[in-house]
Structure formats: C-alpha cells, structure tokens
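**Q** I am sharing upload.pdb, which consists of PDB, C-alpha atoms:
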ATOM      1  CA  MET A 300      20.294  21.627   7.905
ATOM      2  CA  THR A 301      19.295  20.522   4.399
ATOM      3  CA  GLY A 302      21.498  17.443   4.880
ATOM      4  CA  ASP A 303      19.755  16.593   8.158
ATOM      5  CA  PHE A 304      16.351  17.154   6.543
ATOM      6  CA  ILE A 305      17.145  14.634   3.809
ATOM      7  CA  GLN A 306      19.087  12.123   5.919
ATOM      8  CA  LEU A 307      17.020  12.155   9.109
ATOM      9  CA  GLY A 308      13.638  13.453   7.954
ATOM     10  CA  ILE A 309      13.127  12.008   4.487
ATOM     11  CA  GLY A 310      15.337   9.024   5.369
ATOM     12  CA  ARG A 311      13.190   8.073   8.376
ATOM     13  CA  TRP A 312       9.999   8.454   6.316
ATOM     14  CA  LEU A 313      11.347   6.192   3.548
ATOM     15  CA  HIS A 314      12.798   3.699   6.081
ATOM     16  CA  ILE A 315       9.445   3.317   7.814
ATOM     17  CA  GLY A 316       7.496   3.218   4.523
ATOM     18  CA  ALA A 317       9.703   0.473   3.095
ATOM     19  CA  GLY A 318       9.568  -1.351   6.441
ATOM     20  CA  VAL A 319       5.757  -1.299   6.431
ATOM     21  CA  MET A 320       5.799  -2.813   2.922
ATOM     22  CA  TRP A 321       8.339  -5.481   3.979
ATOM     23  CA  VAL A 322       6.772  -6.548   7.258
ATOM     24  CA  GLY A 323       3.276  -6.131   5.800
ATOM     25  CA  MET A 324       4.097  -8.661   3.078
ATOM     26  CA  LEU A 325       5.763 -10.943   5.654
ATOM     27  CA  TYR A 326       2.595 -10.896   7.783
ATOM     28  CA  TYR A 327       0.434 -11.411   4.682
ATOM     29  CA  PHE A 328       2.396 -14.594   3.847
ATOM     30  CA  ASN A 329       2.268 -15.938   7.399
ATOM     31  CA  PHE A 330      -1.122 -14.768   8.656
ATOM     32  CA  VAL A 331      -3.060 -15.162   5.383
ATOM     33  CA  GLN A 332      -1.434 -17.014   2.490
ATOM     34  CA  VAL A 333      -0.103 -20.148   4.280
ATOM     35  CA  ASP A 334      -3.536 -21.101   5.647
ATOM     36  CA  ALA A 335      -5.306 -19.962   2.459
ATOM     37  CA  LEU A 336      -3.135 -22.312   0.369
ATOM     38  CA  LYS A 337      -3.778 -25.151   2.808
ATOM     39  CA  ALA A 338      -7.541 -24.600   2.481
ATOM     40  CA  ALA A 339      -7.265 -24.263  -1.316
ATOM     41  CA  ALA A 340      -5.318 -27.551  -1.539
ATOM     42  CA  ALA A 341      -8.202 -29.309   0.258
ATOM     43  CA  ASP A 342     -10.747 -28.093  -2.339
ATOM     44  CA  THR A 343     -11.970 -30.449  -5.078
ATOM     45  CA  PRO A 344     -10.365 -29.727  -7.460
ATOM     46  CA  PRO A 345      -7.527 -27.833  -5.668
ATOM     47  CA  SER A 346      -8.049 -24.075  -6.121
ATOM     48  CA  GLY A 347      -4.744 -22.487  -5.078
ATOM     49  CA  ALA A 348      -3.174 -22.182  -8.541
ATOM     50  CA  GLY A 349      -4.172 -18.533  -8.916
ATOM     51  CA  ILE A 350      -2.451 -17.619  -5.645
ATOM     52  CA  THR A 351       0.803 -19.415  -6.436
ATOM     53  CA  ARG A 352       0.821 -18.221 -10.040
ATOM     54  CA  HIS A 353      -0.384 -14.627  -9.807
ATOM     55  CA  VAL A 354      -0.351 -13.428  -6.181
ATOM     56  CA  ALA A 355       2.710 -14.980  -4.532
ATOM     57  CA  PRO A 356       5.293 -13.905  -7.179
ATOM     58  CA  ARG A 357       4.056 -10.288  -7.047
ATOM     59  CA  ALA A 358       3.996 -10.274  -3.244
ATOM     60  CA  LEU A 359       7.524 -11.737  -3.175
ATOM     61  CA  LEU A 360       8.746  -9.040  -5.580
ATOM     62  CA  PHE A 361       7.650  -6.184  -3.288
ATOM     63  CA  PHE A 362       8.665  -8.197  -0.200
ATOM     64  CA  ARG A 363      12.310  -8.775  -1.125
ATOM     65  CA  TRP A 364      13.025  -5.342  -2.601
ATOM     66  CA  ALA A 365      11.268  -3.568   0.269
ATOM     67  CA  ALA A 366      13.483  -5.595   2.639
ATOM     68  CA  LEU A 367      16.623  -4.336   0.908
ATOM     69  CA  ALA A 368      15.311  -0.748   0.719
ATOM     70  CA  THR A 369      14.415  -0.782   4.434
ATOM     71  CA  VAL A 370      17.944  -1.793   5.432
ATOM     72  CA  LEU A 371      19.595   0.677   3.026
ATOM     73  CA  PHE A 372      17.440   3.565   4.314
ATOM     74  CA  GLY A 373      18.262   2.383   7.842
ATOM     75  CA  PHE A 374      21.964   2.757   7.122
ATOM     76  CA  MET A 375      21.256   6.159   5.554
ATOM     77  CA  LEU A 376      19.651   7.182   8.855
ATOM     78  CA  LEU A 377      22.484   5.833  11.000
ATOM     79  CA  GLY A 378      25.086   7.495   8.786
ATOM     80  CA  GLY A 379      28.446   7.685  10.565
ATOM     81  CA  LYS A 380      26.920   6.205  13.729
ATOM     82  CA  ALA A 381      26.391   2.756  12.159
ATOM     83  CA  ASP A 382      29.461   1.294  13.877
ATOM     84  CA  GLU A 383      28.419   2.710  17.265
ATOM     85  CA  ALA A 384      25.019   1.051  16.873
ATOM     86  CA  LEU A 385      26.136  -2.307  15.477
ATOM     87  CA  LEU A 386      29.097  -2.646  17.872
ATOM     88  CA  PHE A 387      27.107  -1.260  20.870
ATOM     89  CA  LYS A 388      29.791   1.370  21.419
ATOM     90  CA  GLU A 389      27.507   4.060  22.824
ATOM     91  CA  LYS A 390      24.742   3.562  25.403
ATOM     92  CA  ALA A 391      22.131   5.580  23.483
ATOM     93  CA  TYR A 392      22.695   3.459  20.369
ATOM     94  CA  VAL A 393      22.223   0.043  22.031
ATOM     95  CA  PRO A 394      18.440  -0.237  21.351
ATOM     96  CA  ILE A 395      18.768   0.722  17.678
ATOM     97  CA  GLY A 396      21.835  -1.551  17.449
ATOM     98  CA  VAL A 397      19.786  -4.545  18.619
ATOM     99  CA  GLY A 398      16.987  -3.602  16.177
ATOM    100  CA  ALA A 399      19.478  -3.200  13.339
ATOM    101  CA  TRP A 400      21.039  -6.632  13.983
ATOM    102  CA  LEU A 401      17.588  -8.244  13.979
ATOM    103  CA  GLY A 402      16.787  -6.463  10.704
ATOM    104  CA  LEU A 403      20.054  -7.640   9.154
ATOM    105  CA  ILE A 404      19.375 -11.263  10.145
ATOM    106  CA  MET A 405      15.888 -10.914   8.642
ATOM    107  CA  LEU A 406      17.317  -9.464   5.407
ATOM    108  CA  PHE A 407      19.715 -12.431   5.204
ATOM    109  CA  ASN A 408      16.767 -14.805   5.624
ATOM    110  CA  VAL A 409      14.835 -13.034   2.851
ATOM    111  CA  TRP A 410      17.556 -13.077   0.202
ATOM    112  CA  VAL A 411      19.506 -16.228   1.119
ATOM    113  CA  LEU A 412      16.784 -18.581   2.409
ATOM    114  CA  ILE A 413      13.252 -17.436   1.528
ATOM    115  CA  TRP A 414      13.586 -16.103  -2.036
ATOM    116  CA  PRO A 415      15.829 -18.866  -3.527
ATOM    117  CA  ASN A 416      13.602 -21.541  -1.970
ATOM    118  CA  GLN A 417      10.367 -19.824  -3.019
ATOM    119  CA  LYS A 418      11.684 -19.660  -6.599
ATOM    120  CA  LYS A 419      11.905 -23.464  -6.549
ATOM    121  CA  ALA A 420       8.616 -23.977  -4.678
ATOM    122  CA  LEU A 421       6.638 -21.737  -7.059
ATOM    123  CA  GLY A 422       8.236 -23.200 -10.183
ATOM    124  CA  ILE A 423       9.994 -19.947 -11.154
ATOM    125  CA  VAL A 424      13.151 -22.056 -11.539
ATOM    126  CA  PRO A 425      13.055 -25.753 -12.497
ATOM    127  CA  ALA A 426      12.966 -28.239  -9.589
ATOM    128  CA  THR A 427      11.850 -31.809  -9.000
ATOM    129  CA  ASP A 428       8.823 -32.473  -6.766
ATOM    130  CA  ASP A 429      11.161 -33.583  -3.980
ATOM    131  CA  GLU A 430      13.243 -30.410  -4.298
ATOM    132  CA  LYS A 431      10.062 -28.331  -4.315
ATOM    133  CA  ASN A 432       8.854 -29.947  -1.084
ATOM    134  CA  ARG A 433      12.203 -29.366   0.644
ATOM    135  CA  ALA A 434      12.319 -25.781  -0.647
ATOM    136  CA  ARG A 435       8.761 -25.132   0.582
ATOM    137  CA  ARG A 436       9.688 -26.352   4.062
ATOM    138  CA  ALA A 437      12.926 -24.309   4.212
ATOM    139  CA  ALA A 438      11.142 -21.139   3.040
ATOM    140  CA  PHE A 439       8.341 -21.723   5.575
ATOM    141  CA  ILE A 440      10.700 -22.064   8.546
ATOM    142  CA  ALA A 441      12.786 -19.045   7.459
ATOM    143  CA  SER A 442       9.620 -16.992   7.008
ATOM    144  CA  ARG A 443       8.268 -17.992  10.424
ATOM    145  CA  THR A 444      11.671 -17.171  11.936
ATOM    146  CA  ASN A 445      11.340 -13.687  10.462
ATOM    147  CA  VAL A 446       7.860 -13.252  11.974
ATOM    148  CA  MET A 447       9.335 -14.189  15.362
ATOM    149  CA  LEU A 448      12.304 -11.805  14.899
ATOM    150  CA  SER A 449      10.050  -8.988  13.634
ATOM    151  CA  ILE A 450       8.432  -8.704  17.078
ATOM    152  CA  PRO A 451      11.590  -7.684  18.996
ATOM    153  CA  MET A 452      12.858  -5.857  15.869
ATOM    154  CA  LEU A 453       9.806  -3.552  15.870
ATOM    155  CA  PHE A 454      10.074  -3.092  19.639
ATOM    156  CA  PHE A 455      13.706  -1.989  19.420
ATOM    157  CA  MET A 456      13.046   0.218  16.384
ATOM    158  CA  VAL A 457      10.315   2.164  18.162
ATOM    159  CA  ALA A 458      12.208   2.065  21.476
ATOM    160  CA  SER A 459      15.310   3.583  19.909
ATOM    161  CA  GLY A 460      14.390   7.242  19.899
ATOM    162  CA  GLY A 461      13.157  10.163  21.915
ATOM    163  CA  LEU A 462      10.712   9.832  24.771
ATOM    164  CA  PHE A 463      10.130   6.119  24.235
ATOM    165  CA  ARG A 464      13.816   5.291  24.722
ATOM    166  CA  THR A 465      13.885   7.310  27.930
ATOM    167  CA  ALA A 466      10.707   5.581  29.110
ATOM    168  CA  MET A 467      11.947   2.073  28.283
ATOM    169  CA  PHE A 468      15.654   2.298  29.015
ATOM    170  CA  GLY A 469      16.014   5.275  31.347
TER     171      GLY A 469
ATOM    172  CA  MET B 126       8.807 -30.855  21.973
ATOM    173  CA  LYS B 127       6.962 -29.295  19.032
ATOM    174  CA  ASN B 128       8.711 -26.483  17.149
ATOM    175  CA  PRO B 129       6.843 -23.286  18.167
ATOM    176  CA  LEU B 130       7.343 -21.920  14.638
ATOM    177  CA  GLU B 131       4.951 -24.586  13.299
ATOM    178  CA  SER B 132       2.029 -22.602  14.687
ATOM    179  CA  LEU B 133       1.344 -18.923  14.165
ATOM    180  CA  TRP B 134       0.592 -18.262  17.817
ATOM    181  CA  GLY B 135       3.646 -20.263  18.903
ATOM    182  CA  THR B 136       5.671 -17.959  16.651
ATOM    183  CA  VAL B 137       4.119 -14.820  18.166
ATOM    184  CA  ILE B 138       4.657 -16.053  21.734
ATOM    185  CA  ALA B 139       8.291 -16.963  20.907
ATOM    186  CA  GLY B 140       8.723 -13.430  19.513
ATOM    187  CA  VAL B 141       7.331 -11.816  22.661
ATOM    188  CA  LEU B 142       9.571 -13.966  24.887
ATOM    189  CA  LEU B 143      12.595 -13.110  22.723
ATOM    190  CA  THR B 144      11.679  -9.422  23.073
ATOM    191  CA  ALA B 145      11.711  -9.724  26.877
ATOM    192  CA  VAL B 146      15.093 -11.522  26.876
ATOM    193  CA  LEU B 147      16.669  -8.978  24.508
ATOM    194  CA  TYR B 148      15.178  -6.071  26.471
ATOM    195  CA  PHE B 149      16.847  -7.200  29.700
ATOM    196  CA  LEU B 150      20.109  -7.937  27.859
ATOM    197  CA  ALA B 151      20.069  -4.458  26.288
ATOM    198  CA  ARG B 152      19.436  -2.854  29.678
ATOM    199  CA  LYS B 153      22.366  -4.818  31.102
ATOM    200  CA  ILE B 154      24.663  -3.655  28.247
ATOM    201  CA  MET B 155      23.485  -0.092  28.914
ATOM    202  CA  GLY B 156      24.356  -0.507  32.570
ATOM    203  CA  GLY B 157      20.770   0.008  33.762
TER     204      GLY B 157
END
Let me see whether you can do it: turn the structure in this file into structure tokens.
**A**
Amino acid sequence: MTGDFIQLGIGRWLHIGAGVMWVGMLYYFNFVQVDALKAAAADTPPSGAGITRHVAPRALLFFRWAALATVLFGFMLLGGKADEALLFKEKAYVPIGVGAWLGLIMLFNVWVLIWPNQKKALGIVPATDDEKNRARRAAFIASRTNVMLSIPMLFFMVASGGLFRTAMFG
Amino acid sequence: MKNPLESLWGTVIAGVLLTAVLYFLARKIMGG
C-alpha cells in the first residue's frame, strides 16, 4: 500500500509535474522565443542579446533536466510493466507504450540533438559562425520535431488510463 | 514541397495527423 502510494501516486504527480515543465519549455521555445528572436534581430540595433544570454540558457537548463526527470518518473510508474508497455505485450499497455516510445524519442532529441547544438548556437562552447548557423538549424528542426511528437505523446499519455482508455480504445 | 516543420501551424497539423495515424495503428495492435 505504501509502495503503491509512492510509486503510483507520488510518481504520477512528479511525472506530470516534470512533464509540464519539459513541454512547457518546449512550447515556450517554439511558440514564443523563435519568433521573438527573429523580431529582435530585425531591430536597429539588434535587441535579442538579453534573450540569448540570460533567458535561453536558463530555459534550456530546466528544459533538459525536466525531460530526463519526466522519463525517469515514467519508468518509476511503469515499474515491472515497462517491458509490457514498450514491447506492446499486453493490450491494456499499448496506449502507454506508444506514448512512452514518443517520449523516449523526444528525450533523445533533447540530449543528443537540441542541447549540444544549442550550446554551440548560444556560444556556451566555442564554434565558428558557420558551425553556429548549422547548429542553430539542427536544433530548430529537432525542436520542431519534438513539438510535432508532443501532440500524439500527450494524447497517448492521457489516453492510457482509466475511463479515457475505455472511451478511446474500448 | 515545403517542410511542414518550418511553420508552427504546419508542425501542429503534422502532429494531429500523426496522432490519428498512431491511434488507428494502436487500435489495430489491440485488435479493436
């Protein structure tokens, strides 16, 4: 009982909280910051330095660690059923399995594509102007891919339990 | 053809379409 309370109750709370932080930051980057930086670059003189210097690194800090925490709390919730979900072994675990795979692909994009490229683009690690431009483009496409994947990911996360699963999947 | 990820709304529409495809695939896997 206490184990279930911690694993399923507290675990679900932390999983959703971390997920809100992760996807919230992802939507901030894509719905707000990309266009804001474009507008700031068109100012005379360009006015985006404060965003790239003070806002983006802090947002990326919470973004990447929230991504990892979300997935770890997700595995805490799945517990011994992780293989049944990820390998689609049991009918009831198919929706959460699809959501979990989408989340894992998104986590890969965060740590392998977005963060290393953003480090170059923001000047956190040294890079030439050409490398910065390529890094900016790679991070942009990976970030947009995650916005696209977040839509079915959220659907399958909320469709994975209780009445909603019965309503959506019978 | 333009990459839908270039625009925000193209990205959202691609996400909704992907949701529909995965939903029907999941139902098929579940035998529904």
**Q** Kindly resolve the PyMOL selection byres ((chain A and resi 442) around 9) on the present coordinates and return the residues as an MDAnalysis selection string.
**A** chainID A and resid 325 328:329 405 408:409 412:413 437:441 443:447
**Q** With a distance threshold of 6 Å and counting all atoms listed in the file, extract the residues of chain B near chain A and express them as a list of chain:residue names.
**A** B:Leu130, B:Thr136, B:Val137, B:Gly140, B:Thr144, B:Met155
**Q** If you count only C-alpha atoms, which residues fall within 10 Å of Met320 of chain A, apart from same-chain ones fewer than 2 positions away, as an NGL selection string?
**A** :A and (315-318 or 322-326 or 358 or 361-366 or 368-369)
**Q** Tell me, as a ChimeraX atom specification, which residues lie within 8 Å of Ala399 of chain A, counting only C-alpha atoms; anything in the same chain fewer than 2 positions away does not count.
**A** /A:373,384-385,395-397,401-403,452,456
**Q** Report, in Å with one decimal, the straight-line distance from atom CA of Arg436 of chain A to atom CA of Glu131 of chain B.
**A**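 These atoms are spaced 10.5 Å apart.
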**Q** Which distance in Å separates atom CA of Ile309 of chain A and atom CA of Glu383 of chain A, to one decimal?
**A**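 Taking atom CA of Ile309 of chain A and atom CA of Glu383 of chain A, their separation equals 22.0 Å.
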**Q** Extract, using all atoms listed in the file, all DNA, RNA and protein residues at most 10 Å from segment 429-431 of chain A, discarding same-chain residues fewer than 6 positions from it, and format them as a ChimeraX atom specification.
**A** /A:416-422,437
**Q** Quick one, how far is atom CA of Ala338 of chain A from atom CA of Asn128 of chain B?
**A**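 A separation of 22.0 Å between them.
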